[in-house]
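Worksheet: the structure to be examined is printed underneath.
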Amino acid sequence: MKKQLLSLFAAFLISIPGFTQSSYYFPGETFDPSIPSPQEFLGYPIGDWHTRYDLIVKYFEKLDEISELAELKTIGYTYEHRPKIILTIASAAHIDNLEEIRKTHIQLTDPSQPKPDVATMPSIMHLGYGVHGNEPSSAEAAMLTAYWLLASQSELAQNLRENSVVHIDPTVNPDGRDRHSLWANSNKGFPPVADPLDREHNEAWPGGRTNHYWFDLNRDWLPLAHVESQVKIDWYHEWYPNVTTDFHEMGTDATYFFEPTKPFGSENPVVPRKNYEEINVRFANYFAEYLDEIGSLYYTKESFDNSYPGYGSTYPDIQGGLGLVFEQASSRGHLQSSQRGDISFAFTIKNHLVSSIATLEAGLDNRIYMHDYLREFFETAVSEGSKDPAKNYVFGDEYDQSRNLLFVNFLLDHKIKVYENTSDLSVGGYDFKAGKSWVVPTAQPQYRM
Ligand SMILES: [Zn+2]
């Protein structure tokens with residue numbers, strides 16, 4: 001009986017002729033007909049194929065071209081020369097006024113400046129998808145989320161456009177994305193083959209998880225060794241989003257995971273407790289509610305790590321925002337059998353779409369609260385730094401200027417204030433020469449970094 005129910009359930013998940021994305025992904029919603037849906041633009045329902053990255057870019061270019069509520073920015077290029085893009089969506093008035101909004105927002109991160117009137121400021125949210133290229137539901141969900149936010153006539157979408165600025169990065173790792181998409185599409189069966197042993201579900205080494213140099217970009221937000229992360233962190237510090245998402249996939253037999261992460265051994269001690277105990281919980285209630293509504297199974301607080309600043313979901317926690325990791329059981333291919341029946345690609349995409357919209361609603365409802373928190377984060381960073389027994393750190397290699405330059409630039413990339421030392425110093429048995437050493441004061445906004 002249970003098995004029959006499961007296969008009946010699975011049948012609904014496989015795309016069928018006449019299947020339209022609106023009825024599956026957005027039941028009951030109405031859309032601005034002048035904005036093409038991903039299905040209309042691409043010529044297939046989302047979930048039928050792994051969308052090539054150039055087509056994702058083309059879709060976002062189209063949205064930018066036809067809507068005054070969207071603005072596309074290229075922030076750099078990957079090693080394989082794919083553009084790194086951010087699509088910004090908000091009301092036309094906000095889009096026209098983006099630079100003013102940005103400047104006012106980042107004033108919150110500088111306690112030496114007067115605090116702006118947060119009641120009038122839109123929430124700044126950043127939806128990031130697909131840092132692991134072979135966790136592909138994320139980028140498809142990014143296109144659907146952009147479409148929904150731009151074209152939905154629902155009260156929530158209209159409210160979001162009026163009271164927030166949403167930045168969408170559809171694929172943090174475009175080179176890995178295309179490596180995996182090519183594998184999944186070129187090994188697709190007709191009809192789909194769900195057998196986990198099928199070639200479609202067993203991508204050849206090195207797979208699409210990593211970038212061109214096979215580096216895991218979800219470890220790179222701290223070392224900034226790769227171009228994808230360097231341009232991303234530059235962009236991040238232009239905006240200091242209140243909320244940042246990081247969408248992933250996990251094993252096929254799992255369900256769905258959202259934060260809080262497990263409390264033991266995985267929380268970063270420099271992140272304020274309020275982040276874990278209060279903010280995460282506020283947001284988690286929205287994810288549970290949204291996933292309950294579509295009957296998807298999930299769990300929270302039992303796994304995943306939140307300690308390392310090089311994760312895309314932890315770095316924002318050390319920058320006054322909220323970083324959120326989501327993990328969806330992977331169909332790794334278009335349809336795959338699991339302990340809970342067959343998982344279709346469309347089903348995995350739907351869960352990430354629903355969590356994207358839940359994040360936006362939570363961010364909107366907590367707009368003023370998150371602005372106040374951003375300010376409080378940097379104010380307490382300075383006050384805690386001024387109580388540190390160490391007032392300054394000094395470093396410098398008298399002979400190796402290249403090493404000095406690299407380290408100074410590294411600190412500056414993370415917006416850590418560093419000053420050239422102007423007099424010869426002797427500290428802890430080491431000599432530091434004027435002009436060849438540098439000083440980092442602890443009483444500064446980036447104290448926690
Ligand atoms: Zn991942």
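Going by the structure tokens order, chains are called A, B, ..., each with residues numbered from 1, while ligands are numbered from 1 in the order shown.
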Can you tell me which residues sit at most 8 Å away from ligand 1, counting only C-alpha atoms and all ligand atoms, written as a VMD selection string?
-> chain A and resid 130 to 132 135 209 218 247 to 250 327
Would you pick out the contacts of Ser91 (chain A) at 9 Å or less, using only C-alpha atoms, so that residues sharing its chain but fewer than 5 positions from it are not included, and give the list as an mmCIF file with all heavy atoms, in the first residue's frame?
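Listed below is the output, around_20.cif:
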data_model
loop_
_atom_site.group_PDB
_atom_site.id
_atom_site.type_symbol
_atom_site.label_atom_id
_atom_site.label_comp_id
_atom_site.auth_asym_id
_atom_site.auth_seq_id
_atom_site.Cartn_x
_atom_site.Cartn_y
_atom_site.Cartn_z
ATOM 1 N N GLU A 68 11.539 47.306 -16.261
ATOM 2 C CA GLU A 68 12.216 48.384 -15.523
ATOM 3 C C GLU A 68 12.364 48.038 -14.039
ATOM 4 O O GLU A 68 12.907 48.810 -13.270
ATOM 5 C CB GLU A 68 11.476 49.711 -15.700
ATOM 6 C CG GLU A 68 10.021 49.635 -15.305
ATOM 7 C CD GLU A 68 9.291 50.959 -15.501
ATOM 8 O OE1 GLU A 68 9.918 51.934 -15.955
ATOM 9 O OE2 GLU A 68 8.087 51.008 -15.195
ATOM 10 N N LEU A 69 11.877 46.855 -13.660
ATOM 11 C CA LEU A 69 12.020 46.408 -12.269
ATOM 12 C C LEU A 69 13.249 45.520 -12.085
ATOM 13 O O LEU A 69 13.481 44.988 -11.001
ATOM 14 C CB LEU A 69 10.780 45.617 -11.827
ATOM 15 C CG LEU A 69 9.399 46.198 -12.110
ATOM 16 C CD1 LEU A 69 8.319 45.313 -11.506
ATOM 17 C CD2 LEU A 69 9.285 47.614 -11.555
ATOM 18 N N ALA A 70 14.002 45.329 -13.176
ATOM 19 C CA ALA A 70 15.155 44.420 -13.101
ATOM 20 C C ALA A 70 16.393 45.100 -13.644
ATOM 21 O O ALA A 70 16.320 45.860 -14.610
ATOM 22 C CB ALA A 70 14.874 43.151 -13.900
ATOM 23 N N ASP A 96 15.739 52.847 -9.938
ATOM 24 C CA ASP A 96 16.254 54.166 -10.344
ATOM 25 C C ASP A 96 17.172 54.772 -9.278
ATOM 26 O O ASP A 96 17.996 55.627 -9.573
ATOM 27 C CB ASP A 96 15.095 55.145 -10.580
ATOM 28 C CG ASP A 96 14.469 54.931 -11.942
ATOM 29 O OD1 ASP A 96 15.088 54.211 -12.758
ATOM 30 O OD2 ASP A 96 13.370 55.468 -12.191
ATOM 31 N N GLN A 158 4.278 41.902 -4.676
ATOM 32 C CA GLN A 158 4.204 43.368 -4.805
ATOM 33 C C GLN A 158 4.839 44.048 -3.595
ATOM 34 O O GLN A 158 5.570 45.030 -3.731
ATOM 35 C CB GLN A 158 2.747 43.800 -4.962
ATOM 36 C CG GLN A 158 2.176 43.410 -6.325
ATOM 37 C CD GLN A 158 0.722 43.837 -6.493
ATOM 38 O OE1 GLN A 158 0.350 44.929 -6.104
ATOM 39 N NE2 GLN A 158 -0.090 42.968 -7.073
ATOM 40 N N LEU A 160 7.153 42.819 -1.715
ATOM 41 C CA LEU A 160 8.606 42.617 -1.790
ATOM 42 C C LEU A 160 9.240 43.640 -2.734
ATOM 43 O O LEU A 160 10.283 44.207 -2.430
ATOM 44 C CB LEU A 160 8.921 41.193 -2.266
ATOM 45 C CG LEU A 160 8.834 40.126 -1.176
ATOM 46 C CD1 LEU A 160 8.695 38.733 -1.772
ATOM 47 C CD2 LEU A 160 10.071 40.185 -0.272
ATOM 48 N N ARG A 161 8.590 43.872 -3.866
ATOM 49 C CA ARG A 161 9.165 44.831 -4.813
ATOM 50 C C ARG A 161 9.185 46.233 -4.209
ATOM 51 O O ARG A 161 10.109 47.005 -4.441
ATOM 52 C CB ARG A 161 8.380 44.801 -6.137
ATOM 53 C CG ARG A 161 8.483 43.462 -6.869
ATOM 54 C CD ARG A 161 7.932 43.531 -8.277
ATOM 55 N NE ARG A 161 6.485 43.681 -8.340
ATOM 56 C CZ ARG A 161 5.607 42.669 -8.528
ATOM 57 N NH1 ARG A 161 6.046 41.425 -8.632
ATOM 58 N NH2 ARG A 161 4.320 42.913 -8.597
ATOM 59 N N GLU A 162 8.173 46.546 -3.403
ATOM 60 C CA GLU A 162 8.086 47.890 -2.808
ATOM 61 C C GLU A 162 9.050 48.065 -1.633
ATOM 62 O O GLU A 162 9.543 49.165 -1.389
ATOM 63 C CB GLU A 162 6.660 48.165 -2.299
ATOM 64 C CG GLU A 162 5.612 48.328 -3.395
ATOM 65 C CD GLU A 162 5.977 49.412 -4.403
ATOM 66 O OE1 GLU A 162 6.453 50.487 -3.986
ATOM 67 O OE2 GLU A 162 5.814 49.164 -5.620
ATOM 68 N N ASN A 163 9.282 47.001 -0.873
ATOM 69 C CA ASN A 163 9.994 47.150 0.398
ATOM 70 C C ASN A 163 11.297 46.366 0.508
ATOM 71 O O ASN A 163 11.817 46.175 1.604
ATOM 72 C CB ASN A 163 9.064 46.741 1.550
ATOM 73 C CG ASN A 163 7.869 47.674 1.644
ATOM 74 O OD1 ASN A 163 8.042 48.862 1.868
ATOM 75 N ND2 ASN A 163 6.680 47.136 1.430
ATOM 76 N N SER A 164 11.791 45.879 -0.620
ATOM 77 C CA SER A 164 13.094 45.216 -0.570
ATOM 78 C C SER A 164 13.816 45.386 -1.896
ATOM 79 O O SER A 164 13.230 45.769 -2.912
ATOM 80 C CB SER A 164 12.932 43.720 -0.240
ATOM 81 O OG SER A 164 12.282 43.051 -1.290
ATOM 82 N N VAL A 165 15.094 45.109 -1.851
ATOM 83 C CA VAL A 165 15.919 45.021 -3.054
ATOM 84 C C VAL A 165 16.509 43.617 -3.018
ATOM 85 O O VAL A 165 17.204 43.261 -2.063
ATOM 86 C CB VAL A 165 17.036 46.088 -3.043
ATOM 87 C CG1 VAL A 165 18.015 45.856 -4.184
ATOM 88 C CG2 VAL A 165 16.441 47.496 -3.116
#
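With only C-alpha atoms as the atoms that count, the residue of A:Leu150, A:Ala184, A:Leu322, A:Ile66 with the shortest distance to Phe345 (chain A) is A:Ala184.
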Which residues come within 10 Å of Glu267 (chain A), counting only C-alpha atoms, excluding same-chain residues fewer than 5 positions away, as an NGL selection string?
-> :A and (260-262 or 273 or 276 or 304-308 or 314)
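Nearest residue to Ser229 (chain A), choosing from A:Pro111, A:Gly341, A:Gly312, A:Gly385 and counting only C-alpha atoms: A:Gly312.
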Write down as a PyMOL selection string the residues belonging to region 145-239 of chain A that are assigned helix (DSSP H, G or I) by DSSP computed on the backbone.
-> chain A and resi 145-151+155-163+174-186+199-201+217-219+227-239
Can you pull out every residue within 12 Å of Asn159 (chain A), counting only C-alpha atoms, but drop anything in the same chain fewer than 3 positions away, and send it as an mmCIF file with N, CA, C and O atoms, in the first residue's frame?
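Output saved as around_22.cif:
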data_model
loop_
_atom_site.group_PDB
_atom_site.id
_atom_site.type_symbol
_atom_site.label_atom_id
_atom_site.label_comp_id
_atom_site.auth_asym_id
_atom_site.auth_seq_id
_atom_site.Cartn_x
_atom_site.Cartn_y
_atom_site.Cartn_z
ATOM 1 N N ALA A 90 13.519 45.014 -7.919
ATOM 2 C CA ALA A 90 12.824 45.884 -6.956
ATOM 3 C C ALA A 90 11.866 46.762 -7.752
ATOM 4 O O ALA A 90 11.814 46.671 -8.984
ATOM 5 N N SER A 91 11.120 47.620 -7.066
ATOM 6 C CA SER A 91 10.226 48.547 -7.763
ATOM 7 C C SER A 91 11.047 49.448 -8.681
ATOM 8 O O SER A 91 12.258 49.628 -8.473
ATOM 9 N N PRO A 122 14.579 49.878 2.421
ATOM 10 C CA PRO A 122 14.189 48.526 1.981
ATOM 11 C C PRO A 122 15.142 47.461 2.519
ATOM 12 O O PRO A 122 16.310 47.740 2.785
ATOM 13 N N SER A 123 14.614 46.269 2.672
ATOM 14 C CA SER A 123 15.452 45.136 3.063
ATOM 15 C C SER A 123 16.361 44.779 1.888
ATOM 16 O O SER A 123 15.930 44.794 0.734
ATOM 17 N N LEU A 149 9.213 36.843 -8.644
ATOM 18 C CA LEU A 149 9.394 38.128 -7.973
ATOM 19 C C LEU A 149 9.093 39.298 -8.913
ATOM 20 O O LEU A 149 8.549 40.320 -8.517
ATOM 21 N N LEU A 150 9.424 39.096 -10.168
ATOM 22 C CA LEU A 150 9.246 40.157 -11.160
ATOM 23 C C LEU A 150 7.820 40.223 -11.686
ATOM 24 O O LEU A 150 7.289 41.315 -11.928
ATOM 25 N N SER A 152 4.875 38.119 -10.620
ATOM 26 C CA SER A 152 3.695 37.686 -9.872
ATOM 27 C C SER A 152 2.874 38.898 -9.435
ATOM 28 O O SER A 152 3.421 39.924 -9.028
ATOM 29 N N GLN A 153 1.562 38.734 -9.522
ATOM 30 C CA GLN A 153 0.652 39.811 -9.102
ATOM 31 C C GLN A 153 0.196 39.625 -7.657
ATOM 32 O O GLN A 153 -0.679 40.345 -7.184
ATOM 33 N N SER A 154 0.770 38.660 -6.965
ATOM 34 C CA SER A 154 0.365 38.405 -5.581
ATOM 35 C C SER A 154 0.752 39.591 -4.695
ATOM 36 O O SER A 154 1.673 40.348 -5.006
ATOM 37 N N GLU A 155 0.042 39.692 -3.564
ATOM 38 C CA GLU A 155 0.301 40.780 -2.628
ATOM 39 C C GLU A 155 1.732 40.693 -2.087
ATOM 40 O O GLU A 155 2.418 41.708 -1.929
ATOM 41 N N LEU A 156 2.167 39.458 -1.825
ATOM 42 C CA LEU A 156 3.519 39.274 -1.274
ATOM 43 C C LEU A 156 4.580 39.772 -2.256
ATOM 44 O O LEU A 156 5.501 40.502 -1.874
ATOM 45 N N GLU A 162 8.173 46.546 -3.403
ATOM 46 C CA GLU A 162 8.086 47.890 -2.808
ATOM 47 C C GLU A 162 9.050 48.065 -1.633
ATOM 48 O O GLU A 162 9.543 49.165 -1.389
ATOM 49 N N ASN A 163 9.282 47.001 -0.873
ATOM 50 C CA ASN A 163 9.994 47.150 0.398
ATOM 51 C C ASN A 163 11.297 46.366 0.508
ATOM 52 O O ASN A 163 11.817 46.175 1.604
ATOM 53 N N SER A 164 11.791 45.879 -0.620
ATOM 54 C CA SER A 164 13.094 45.216 -0.570
ATOM 55 C C SER A 164 13.816 45.386 -1.896
ATOM 56 O O SER A 164 13.230 45.769 -2.912
ATOM 57 N N VAL A 165 15.094 45.109 -1.851
ATOM 58 C CA VAL A 165 15.919 45.021 -3.054
ATOM 59 C C VAL A 165 16.509 43.617 -3.018
ATOM 60 O O VAL A 165 17.204 43.261 -2.063
ATOM 61 N N LEU A 360 12.360 35.217 1.357
ATOM 62 C CA LEU A 360 12.012 36.604 1.021
ATOM 63 C C LEU A 360 10.919 37.123 1.951
ATOM 64 O O LEU A 360 10.991 38.264 2.432
ATOM 65 N N GLU A 361 9.932 36.287 2.229
ATOM 66 C CA GLU A 361 8.858 36.742 3.117
ATOM 67 C C GLU A 361 9.391 36.981 4.541
ATOM 68 O O GLU A 361 9.062 37.984 5.184
ATOM 69 N N GLY A 363 12.443 37.719 5.378
ATOM 70 C CA GLY A 363 13.296 38.915 5.334
ATOM 71 C C GLY A 363 12.476 40.191 5.317
ATOM 72 O O GLY A 363 12.833 41.195 5.946
ATOM 73 N N LEU A 364 11.378 40.140 4.574
ATOM 74 C CA LEU A 364 10.488 41.311 4.499
ATOM 75 C C LEU A 364 9.845 41.590 5.857
ATOM 76 O O LEU A 364 9.834 42.733 6.329
ATOM 77 N N ASP A 365 9.320 40.551 6.495
ATOM 78 C CA ASP A 365 8.664 40.730 7.795
ATOM 79 C C ASP A 365 9.646 41.188 8.875
ATOM 80 O O ASP A 365 9.248 41.807 9.861
ATOM 81 N N ARG A 367 12.319 43.146 8.278
ATOM 82 C CA ARG A 367 13.121 44.185 7.612
ATOM 83 C C ARG A 367 13.804 45.122 8.620
ATOM 84 O O ARG A 367 15.031 45.268 8.626
#
Who sits within 12 Å of Tyr399 (chain A), only C-alpha atoms, same chain under 2 positions skipped, as a list in words |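 In the requested format, the answer is Gly396, Asp397, Gln401, Ser402, Arg403, Asn404, Leu405, Phe432, Lys433, Gly435, Lys436 and Ser437 of chain A.
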